[in-house]
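Enquirer: Quick one: structure below, then a few questions.
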Amino acid sequence: MTDFTMTKDADGVATITWDVKQKSMNVMSTEAFMLLSSLVDQALADAAVKGIIITSGKKDFAGGMDLNIIARMKAGGAQVTFDGVMQIHQILRKIERAGMDPKTLKGGKPIVAALPGTALGIGLEVPLSCHRIIAADNPKAKIGLPEIMVGIFPGAGGTMRLTRKLGAMVAAPFLLEGKLSSPKEAKAAGLIDEVVAPEDLLKRAKEWVLSATDADLVKPWDAKGYKMPGGAPYHPAGFMTFVGASAMVHGKTMGVYPAAKALLAAVYEGALVPFDTALKIEARHFTGVLMNPSSSAMIRSLFINKEALEKGANRPAAPDQSVKKLGVIGAGMMGAGIAYVSANAGIEVVLIDATQEAADRGKAHSEGILDKGMKRGKVTAEKKAETLARITATTDYAALKGVDLIVEAVFEDPKIKADVTAKVEAATSADCIFATNTSTLPITGLAAASQRPDEFIGIHFFSPVDKMNLVEIIRGKKTGDNAVAKALDFVRQIRKTPIVVNDARFFYANRCIIPYINEGIRMVAEGVEPALIENAAKLVGMPLGPLQLVDETSIDLGVKIAKATKAAMGADYPDEAVDHVLFWMADHGRLGRKSKSGFYAYDDKGDRLGLWEGLEAKYPLDKAQPSLSDVQHRLLFAQVLEAVRALEDGVLTDIREGDVGAILGWGFAPWSGGPFSWLDMISAPRAVEICRGLTAQFGPRFHAPALLREMAEKGETFYNRFGGEKKAA
């Protein structure tokens with residue numbers, strides 16, 4: 001084990017360097033923590049050592065804890081987990097006290113953290129236990145505690161130290177939202193103490209160590225008379241902070257994220273007791289969160305599986321296919337967004353539309369995004385100029401010479417797409433990959449217009465492109481591995497998360513989203529209170545209720561999809577009850593947010609005012625309203641059963657993609673880890689039981705798929721049967 005090494009110089013300064021071999025970023029393991037503890041012990045015991053610098057041998061400090069270690073601790077049960085966390089607390093507390101006399105608080109050795117770059121999670125919790133934190137002025141570095149984003153919270157003292165350092169209110173964005181900061185922002189917020197030029201980092205750290213006094217080593221919470229900034233819970237100001245925080249957390253999480261509630265409880269309870277007792281409280285709540293299946297599911301989907309997919313877990317074996325020059329056909333909202341994210345990633349882009357005015361308008365979209373970034377201080381004038389210079393807006397297909405990937409983003413009309421395909425293939429080389437951006441049209445049918453169907457692929461971006469992280473790659477019946485590799489490498493270049501699915505109507509994401517929307521609309525027709533429908537969705541973790549979602553995506557788009565689906569399915573079409581509502585809304589000009597009228601009412605600015613009262617006149621409320629759980633089951637099972645059918649039908653080939661795609665694509669209850677994780681959580685037998693009840697009451701759309709019934713009989717879970725955990729590890 002050489003994750004940490006120590007050197008001592010002639011001036012009596014020991015430097016402990018963190019450098020995990022074969023890793024691009026340092027991550028902490030149990031063994032590494034023991035080694036760090038041993039080196040600190042050696043330095044504290046050595047009379048020749050005056051102080052310690054803890055730094056990194058890499059360009060960044062650390063990316064966090066090795067999640068496999070957390071998984072192993074959890075597998076040992078609650079007591080093993082708690083003991084392991086307390087061992088970490090003891091090591092960091094030893095760094096914090098640094099050998100000082102417990103009564104006089106004198107005689108300790110100064111310990112400084114010198115951060116060359118990014119410091120996340122445990123990578124900030126270790127520095128927070130040091131006596132000073134100095135960071136290099138590295139604008140690309142991110143400093144913070146993002147644990148809440150993957151279903152846990154800072155459990156190595158970060159929660160207690162940050163709230164005691166900043167106060168509960170100031171610490172809240174960093175703990176409850178996982179806010180990340182640049183070094184200068186972190187210093188301004190009080191997370192760290194100094195920012196220096198990168199070349200001066202170790203020099204300044206050594207200067208501080210050699211000049212530090214006993215008083216510099218005592219943390220405020222260890223000093224006599226310490227009072228929490230902003231007030232403790234029973235202080236008048238602190239009381240208001242905690243009351244407000246409780247309401248804010250519940251309002252944002254709807255009570256379905258255990259980590260947020262546990263974090264707030266730990267902060268509240270910890271603020272009432274001495275620091276060492278507070279660390280035990282943090283450890284107990286952290287252990288409770290780790291033992292909750294929600295945290296395991298979120299870590300697996302939002303960290304382990306997401307990272308695996310981004311690194312090409314399902315990429316065909318092929319040489320590197322990085323895009324050098326991209327052609328984007330269609331400069332509307334989607335095409336303009338694709339052009340921006342590509343140029344912003346350093347790719348040369350040719351943006352083509354039917355008129356120069358439209359092409360220029362598409363390029364202006366990028367300028368608008370960059371201007372907003374400049375106002376927020378995130379984009380420099382040089383960065384803006386460089387990005388815009390990479391985009392050539394034109395009507396001339398001859399400009400596509402040298403392009404190695406085309407992304408066609410014209411109207412969802414097969415005839416228009418076929419015409420564009422012919423024009424592009426006439427202007428590009430035989431090895432240029434053609435990707436069509438579509439959300440519903442089957443790829444195999446569109447590929448019929450291509451002379452090179454093996455190099456024709458679907459690529460479904462989500463709107464707005466610059467904000468949505470998922471990209472759905474669709475393999476047609478004749479799509480070759482080279483095209484899939486090209487699409488995956490492109491998505492990696494633009495720093496988004498890909499899933500690869502096989503061709504079928506609606507692919508994967510829309511196949512699951514549409515039944516969710518339809519179930520909500522169907523309930524309106526049945527006389528279910530619209531507010532119950534919307535709030536039931538939010539209370540189970542959906543970011544938008546189905547009625548708000550259809551307003552956002554536009555009701556007339558729903559009508560177009562319904563008509564096309566009915567034409568394709570004929571007598572098997574199942575959604576006549578939905579169409580009655582949807583078509584009526586469209587006929588009355590209520591097209592959603594864009595028309596400032598839909599299932600919701602809007603003001604002149606397009607802001608929602610509340611659910612439209614006219615709905616009740618057309619669809620009177622039933623006197624007997626369903627229970628909250630019944631509505632939630634309908635909304636959730638409308639989605640998860642379709643996900644299972646997609647796996648059964650071979651549209652999905654990897655359940656990791658099903659879970660990650662659901663969360664990133666349409667916000668499926670992130671606390672659950674995704675549809676397959678949620679079904680594993682409640683168990684296949686319980687899911688089948690719920691399906692029987694829903695089928696008896698509402699019809700065959702809730703009939704459990706054969707795969708789910710088989711798994712229920714065998715007592716299987718999706719992640720055990722399909723090897724997702726083994727692949728992801």
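All residue names refer to the structure tokens as shown: chains lettered A, B, ... in order, residues numbered from 1 in each chain, ligands numbered from 1 in order.
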Among the residues of stretch 76-279 of chain A, find those DSSP assigns to helix (DSSP H, G or I) from the backbone and print them as a ChimeraX atom specification.
Expert: /A:78-97,122-129,146-150,158-166,168-176,183-189,198-211,214-217,220-222,236-253,258-270,275-279
Enquirer: Excluding stretch 539-546 of chain A and its own-chain neighbours fewer than 4 positions away, which residues fall within 6 Å of it when counting only C-alpha atoms? Please give them as a list in words.
Expert: Met254, Ile517, Gly520, Glu534, Asn535, Phe668 and Ala669 of chain A
Enquirer: Just C-alpha atoms for this one: save the residues we selected as a PDB file, in the first residue's frame.
Expert:
ATOM      1  CA  MET A 254     -41.177  15.655  -0.767  1.00  0.00           C
ATOM      2  CA  ILE A 517     -48.516  11.132 -19.263  1.00  0.00           C
ATOM      3  CA  GLY A 520     -52.491  11.101 -15.756  1.00  0.00           C
ATOM      4  CA  GLU A 534     -50.030  16.026  -9.854  1.00  0.00           C
ATOM      5  CA  ASN A 535     -49.180  15.916  -6.163  1.00  0.00           C
ATOM      6  CA  PHE A 668     -37.941   8.828 -12.815  1.00  0.00           C
ATOM      7  CA  ALA A 669     -37.937   8.970  -8.972  1.00  0.00           C
TER       8      ALA A 669
END
Enquirer: Tell me, as a CSV table (one decimal) with C-alpha atoms, in the first residue's frame, which residues lie within 10 Å of stretch 59-61 of chain A, counting only C-alpha atoms; anything in the same chain fewer than 2 positions away does not count.
Expert:
chain,number,residue,atom,x,y,z
A,17,THR,CA,1.6,13.0,-0.4
A,18,TRP,CA,-1.6,11.2,-1.6
A,19,ASP,CA,-1.1,9.4,-4.9
A,24,SER,CA,-6.3,9.3,-12.5
A,25,MET,CA,-8.0,10.7,-9.3
A,26,ASN,CA,-7.2,9.8,-5.7
A,27,VAL,CA,-9.9,7.9,-3.9
A,54,ILE,CA,-1.0,16.9,3.4
A,55,THR,CA,-1.1,17.3,-0.4
A,56,SER,CA,-1.5,15.3,-3.6
A,57,GLY,CA,0.9,13.9,-6.1
A,63,GLY,CA,-12.4,12.6,-5.8
A,64,GLY,CA,-13.9,11.0,-2.7
A,113,ALA,CA,-3.9,20.8,3.6
A,114,ALA,CA,-2.5,21.9,0.2
A,115,LEU,CA,-5.0,21.3,-2.6
A,116,PRO,CA,-3.6,21.5,-6.1
A,117,GLY,CA,-7.0,21.0,-7.7
A,118,THR,CA,-10.4,19.3,-7.2
A,119,ALA,CA,-11.3,18.2,-3.7
A,120,LEU,CA,-14.6,16.4,-3.3
A,123,GLY,CA,-11.2,14.9,-0.4
A,124,LEU,CA,-12.6,17.9,1.4
A,127,PRO,CA,-8.8,19.0,4.7
A,135,ALA,CA,-5.8,25.8,-2.5
A,136,ALA,CA,-4.0,26.5,-5.8
A,138,ASN,CA,-7.0,26.5,-10.5
A,140,LYS,CA,-11.0,24.2,-13.3
A,141,ALA,CA,-10.9,22.8,-9.8
A,142,LYS,CA,-14.1,22.0,-7.9
A,143,ILE,CA,-14.3,22.0,-4.2
Enquirer: What's the separation between atom CA of A:Thr695 and atom CA of A:Asn502, in Å to one decimal place?
Expert: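 According to the coordinates, atom CA of A:Thr695 and atom CA of A:Asn502 are separated by 28.4 Å.
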Enquirer: Taking only C-alpha atoms into account, which of A:Gly667, A:Gly661, A:Gly402, A:Gly373 comes nearest A:Val350?
Expert: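 Ranked by minimum distance to A:Val350, first place goes to A:Gly402.
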Enquirer: Write out as JSON, numbers by chain each polymer residue whose atoms come within 10 Å of stretch 342-345 of chain A, counting only C-alpha atoms; drop sequence neighbours fewer than 2 positions from it.
Expert: {"A": [323, 325, 326, 328, 336, 337, 338, 339, 340, 347, 348, 349, 350, 366, 370, 383, 384, 386, 387, 388, 389, 390, 391, 466, 490, 491, 492, 493, 494, 495]}
Enquirer: Keeping only C-alpha atoms, take the residues you just selected and write them out as a PDB file, in the first residue's frame.
Expert:
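Contents of result-v5.pdb, as written:
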ATOM      1  CA  VAL A 323     -15.339  13.331 -33.988  1.00  0.00           C
ATOM      2  CA  LYS A 325     -15.647  17.746 -37.728  1.00  0.00           C
ATOM      3  CA  LEU A 326     -19.413  17.612 -37.199  1.00  0.00           C
ATOM      4  CA  VAL A 328     -25.561  19.498 -38.013  1.00  0.00           C
ATOM      5  CA  ALA A 336     -28.752  24.740 -32.471  1.00  0.00           C
ATOM      6  CA  GLY A 337     -28.364  23.071 -29.071  1.00  0.00           C
ATOM      7  CA  ILE A 338     -26.376  20.176 -30.561  1.00  0.00           C
ATOM      8  CA  ALA A 339     -24.133  22.652 -32.399  1.00  0.00           C
ATOM      9  CA  TYR A 340     -23.477  24.542 -29.162  1.00  0.00           C
ATOM     10  CA  ILE A 347     -15.408  20.176 -32.132  1.00  0.00           C
ATOM     11  CA  GLU A 348     -15.563  22.066 -35.430  1.00  0.00           C
ATOM     12  CA  VAL A 349     -19.235  22.354 -36.488  1.00  0.00           C
ATOM     13  CA  VAL A 350     -20.974  23.073 -39.798  1.00  0.00           C
ATOM     14  CA  SER A 366     -24.897  29.504 -28.898  1.00  0.00           C
ATOM     15  CA  LEU A 370     -22.320  31.964 -23.802  1.00  0.00           C
ATOM     16  CA  LYS A 383     -13.840  31.218 -24.527  1.00  0.00           C
ATOM     17  CA  LYS A 384     -16.904  32.750 -26.169  1.00  0.00           C
ATOM     18  CA  GLU A 386     -13.243  30.421 -29.577  1.00  0.00           C
ATOM     19  CA  THR A 387     -16.539  28.523 -29.297  1.00  0.00           C
ATOM     20  CA  LEU A 388     -18.393  30.677 -31.819  1.00  0.00           C
ATOM     21  CA  ALA A 389     -15.452  30.493 -34.237  1.00  0.00           C
ATOM     22  CA  ARG A 390     -15.910  26.722 -34.388  1.00  0.00           C
ATOM     23  CA  ILE A 391     -19.461  27.070 -35.785  1.00  0.00           C
ATOM     24  CA  ASP A 466     -27.258  22.107 -23.150  1.00  0.00           C
ATOM     25  CA  PHE A 490     -19.205  11.611 -29.780  1.00  0.00           C
ATOM     26  CA  VAL A 491     -21.432  11.540 -26.696  1.00  0.00           C
ATOM     27  CA  ARG A 492     -18.336  11.070 -24.543  1.00  0.00           C
ATOM     28  CA  GLN A 493     -16.701  14.085 -26.223  1.00  0.00           C
ATOM     29  CA  ILE A 494     -19.648  16.349 -25.412  1.00  0.00           C
ATOM     30  CA  ARG A 495     -19.610  15.041 -21.814  1.00  0.00           C
TER      31      ARG A 495
END
Enquirer: Suppose you want the space between atom CA of A:His285 and atom CA of A:Ala266; what is it in Å?
Expert: 6.4 Å
Enquirer: Considering only C-alpha atoms, can you say which of A:Ala297, A:Ile133, A:Val410, A:Val218 comes closest to A:Asp680?
Expert: A:Ala297
Enquirer: Please provide the set of residues having any atom within 8 Å of A:Gln321, restricted to only C-alpha atoms, with same-chain residues fewer than 5 positions apart removed, written as a PyMOL selection string.
Expert: chain A and resi 485-486+489-490
Enquirer: Could those residues be written to a file, using all heavy atoms, as an mmCIF file, in the first residue's frame?
Expert:
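File out16.cif, as written:
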data_model
loop_
_atom_site.group_PDB
_atom_site.id
_atom_site.type_symbol
_atom_site.label_atom_id
_atom_site.label_comp_id
_atom_site.auth_asym_id
_atom_site.auth_seq_id
_atom_site.Cartn_x
_atom_site.Cartn_y
_atom_site.Cartn_z
ATOM 1 N N ALA A 485 -20.056 2.790 -32.225
ATOM 2 C CA ALA A 485 -18.847 3.288 -31.569
ATOM 3 C C ALA A 485 -18.673 4.783 -31.813
ATOM 4 O O ALA A 485 -18.293 5.534 -30.900
ATOM 5 C CB ALA A 485 -17.624 2.518 -32.083
ATOM 6 N N LYS A 486 -18.956 5.208 -33.033
ATOM 7 C CA LYS A 486 -18.834 6.645 -33.371
ATOM 8 C C LYS A 486 -19.785 7.475 -32.523
ATOM 9 O O LYS A 486 -19.400 8.514 -31.964
ATOM 10 C CB LYS A 486 -19.154 6.843 -34.857
ATOM 11 C CG LYS A 486 -18.910 8.273 -35.364
ATOM 12 C CD LYS A 486 -17.435 8.516 -35.559
ATOM 13 C CE LYS A 486 -17.145 9.801 -36.282
ATOM 14 N NZ LYS A 486 -15.707 9.985 -36.530
ATOM 15 N N ASP A 489 -18.592 7.575 -28.876
ATOM 16 C CA ASP A 489 -17.416 8.423 -28.693
ATOM 17 C C ASP A 489 -17.780 9.901 -28.797
ATOM 18 O O ASP A 489 -17.218 10.745 -28.090
ATOM 19 C CB ASP A 489 -16.338 8.064 -29.718
ATOM 20 C CG ASP A 489 -15.702 6.699 -29.431
ATOM 21 O OD1 ASP A 489 -16.001 6.120 -28.370
ATOM 22 O OD2 ASP A 489 -14.915 6.231 -30.264
ATOM 23 N N PHE A 490 -18.725 10.225 -29.661
ATOM 24 C CA PHE A 490 -19.205 11.611 -29.780
ATOM 25 C C PHE A 490 -19.883 12.057 -28.487
ATOM 26 O O PHE A 490 -19.623 13.155 -27.971
ATOM 27 C CB PHE A 490 -20.174 11.714 -30.966
ATOM 28 C CG PHE A 490 -20.918 13.020 -31.042
ATOM 29 C CD1 PHE A 490 -20.245 14.230 -31.098
ATOM 30 C CD2 PHE A 490 -22.309 13.030 -31.065
ATOM 31 C CE1 PHE A 490 -20.946 15.438 -31.171
ATOM 32 C CE2 PHE A 490 -23.014 14.226 -31.136
ATOM 33 C CZ PHE A 490 -22.328 15.433 -31.197
#
Enquirer: What is the atom CA of A:His235-atom CA of A:Val273 distance in Å, reported with one decimal?
Expert: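 Going from atom CA of A:His235 over to atom CA of A:Val273 covers 14.0 Å.
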Enquirer: According to DSSP computed on the backbone, where in stretch 315-525 of chain A is there strand (DSSP E or B)? Give the residues as a VMD selection string.
Expert: chain A and resid 325 to 329 348 to 352 391 to 394 405 to 408 433 to 436 456 to 461 470 to 475 497 to 502
Enquirer: When you look at A:Gly178 with a cut-off of 10 Å (counting only C-alpha atoms), what residues show up, excluding the ones that are within fewer than 5 positions of it in the same chain? I need them as a list of chain:residue names.
Expert: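 With the cut-off at 10 Å, the set is A:Leu120, A:Gly121, A:Gly144, A:Leu145, A:Pro146, A:Glu147, A:Ile148, A:Met149, A:Val150, A:Phe153, A:Pro154, A:Ala172, A:Pro173.
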Enquirer: Could those selected residues go to a file with C-alpha atoms, as an mmCIF file, in the first residue's frame?
Expert:
data_model
loop_
_atom_site.group_PDB
_atom_site.id
_atom_site.type_symbol
_atom_site.label_atom_id
_atom_site.label_comp_id
_atom_site.auth_asym_id
_atom_site.auth_seq_id
_atom_site.Cartn_x
_atom_site.Cartn_y
_atom_site.Cartn_z
ATOM 1 C CA LEU A 120 -14.626 16.385 -3.337
ATOM 2 C CA GLY A 121 -16.293 14.378 -0.607
ATOM 3 C CA GLY A 144 -17.343 20.641 -2.275
ATOM 4 C CA LEU A 145 -19.348 17.835 -0.715
ATOM 5 C CA PRO A 146 -21.553 16.304 -3.449
ATOM 6 C CA GLU A 147 -22.566 13.162 -1.533
ATOM 7 C CA ILE A 148 -26.245 14.170 -1.340
ATOM 8 C CA MET A 149 -26.426 13.825 -5.129
ATOM 9 C CA VAL A 150 -25.878 10.062 -4.917
ATOM 10 C CA PHE A 153 -24.432 12.767 2.960
ATOM 11 C CA PRO A 154 -20.944 13.745 4.194
ATOM 12 C CA ALA A 172 -26.953 24.396 3.681
ATOM 13 C CA PRO A 173 -26.255 24.788 -0.088
#
Enquirer: For A:Pro274, find every residue with an atom within 12 Å (counting only C-alpha atoms), except residues of its own chain fewer than 6 positions away, and show them as a list of chain:residue names.
Expert: A:Met160, A:Arg164, A:Trp221, A:Asp222, A:Ala223, A:Lys224, A:Gly225, A:Tyr226, A:Lys227, A:Met228, A:Lys280, A:Ile281
Enquirer: Output C-alpha atoms for every residue in that selection, as an mmCIF file, in the first residue's frame.
Expert:
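Writing done, so here's result_17.cif:
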data_model
loop_
_atom_site.group_PDB
_atom_site.id
_atom_site.type_symbol
_atom_site.label_atom_id
_atom_site.label_comp_id
_atom_site.auth_asym_id
_atom_site.auth_seq_id
_atom_site.Cartn_x
_atom_site.Cartn_y
_atom_site.Cartn_z
ATOM 1 C CA MET A 160 -20.484 18.638 11.612
ATOM 2 C CA ARG A 164 -19.841 24.614 12.946
ATOM 3 C CA TRP A 221 -15.667 24.346 18.255
ATOM 4 C CA ASP A 222 -12.864 23.187 20.563
ATOM 5 C CA ALA A 223 -12.340 26.638 22.065
ATOM 6 C CA LYS A 224 -14.056 27.677 25.264
ATOM 7 C CA GLY A 225 -17.232 29.692 24.750
ATOM 8 C CA TYR A 226 -17.810 28.592 21.136
ATOM 9 C CA LYS A 227 -21.132 29.640 19.626
ATOM 10 C CA MET A 228 -22.428 28.371 16.317
ATOM 11 C CA LYS A 280 -21.252 9.977 16.974
ATOM 12 C CA ILE A 281 -24.642 11.417 16.021
#
Enquirer: Under the rule that only C-alpha atoms are counted, which of A:Gly230, A:Pro620, A:Gly251, A:Gly327 is the nearest residue to A:Asp396?
Expert: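 For A:Asp396, the nearest of the candidates is A:Gly327.
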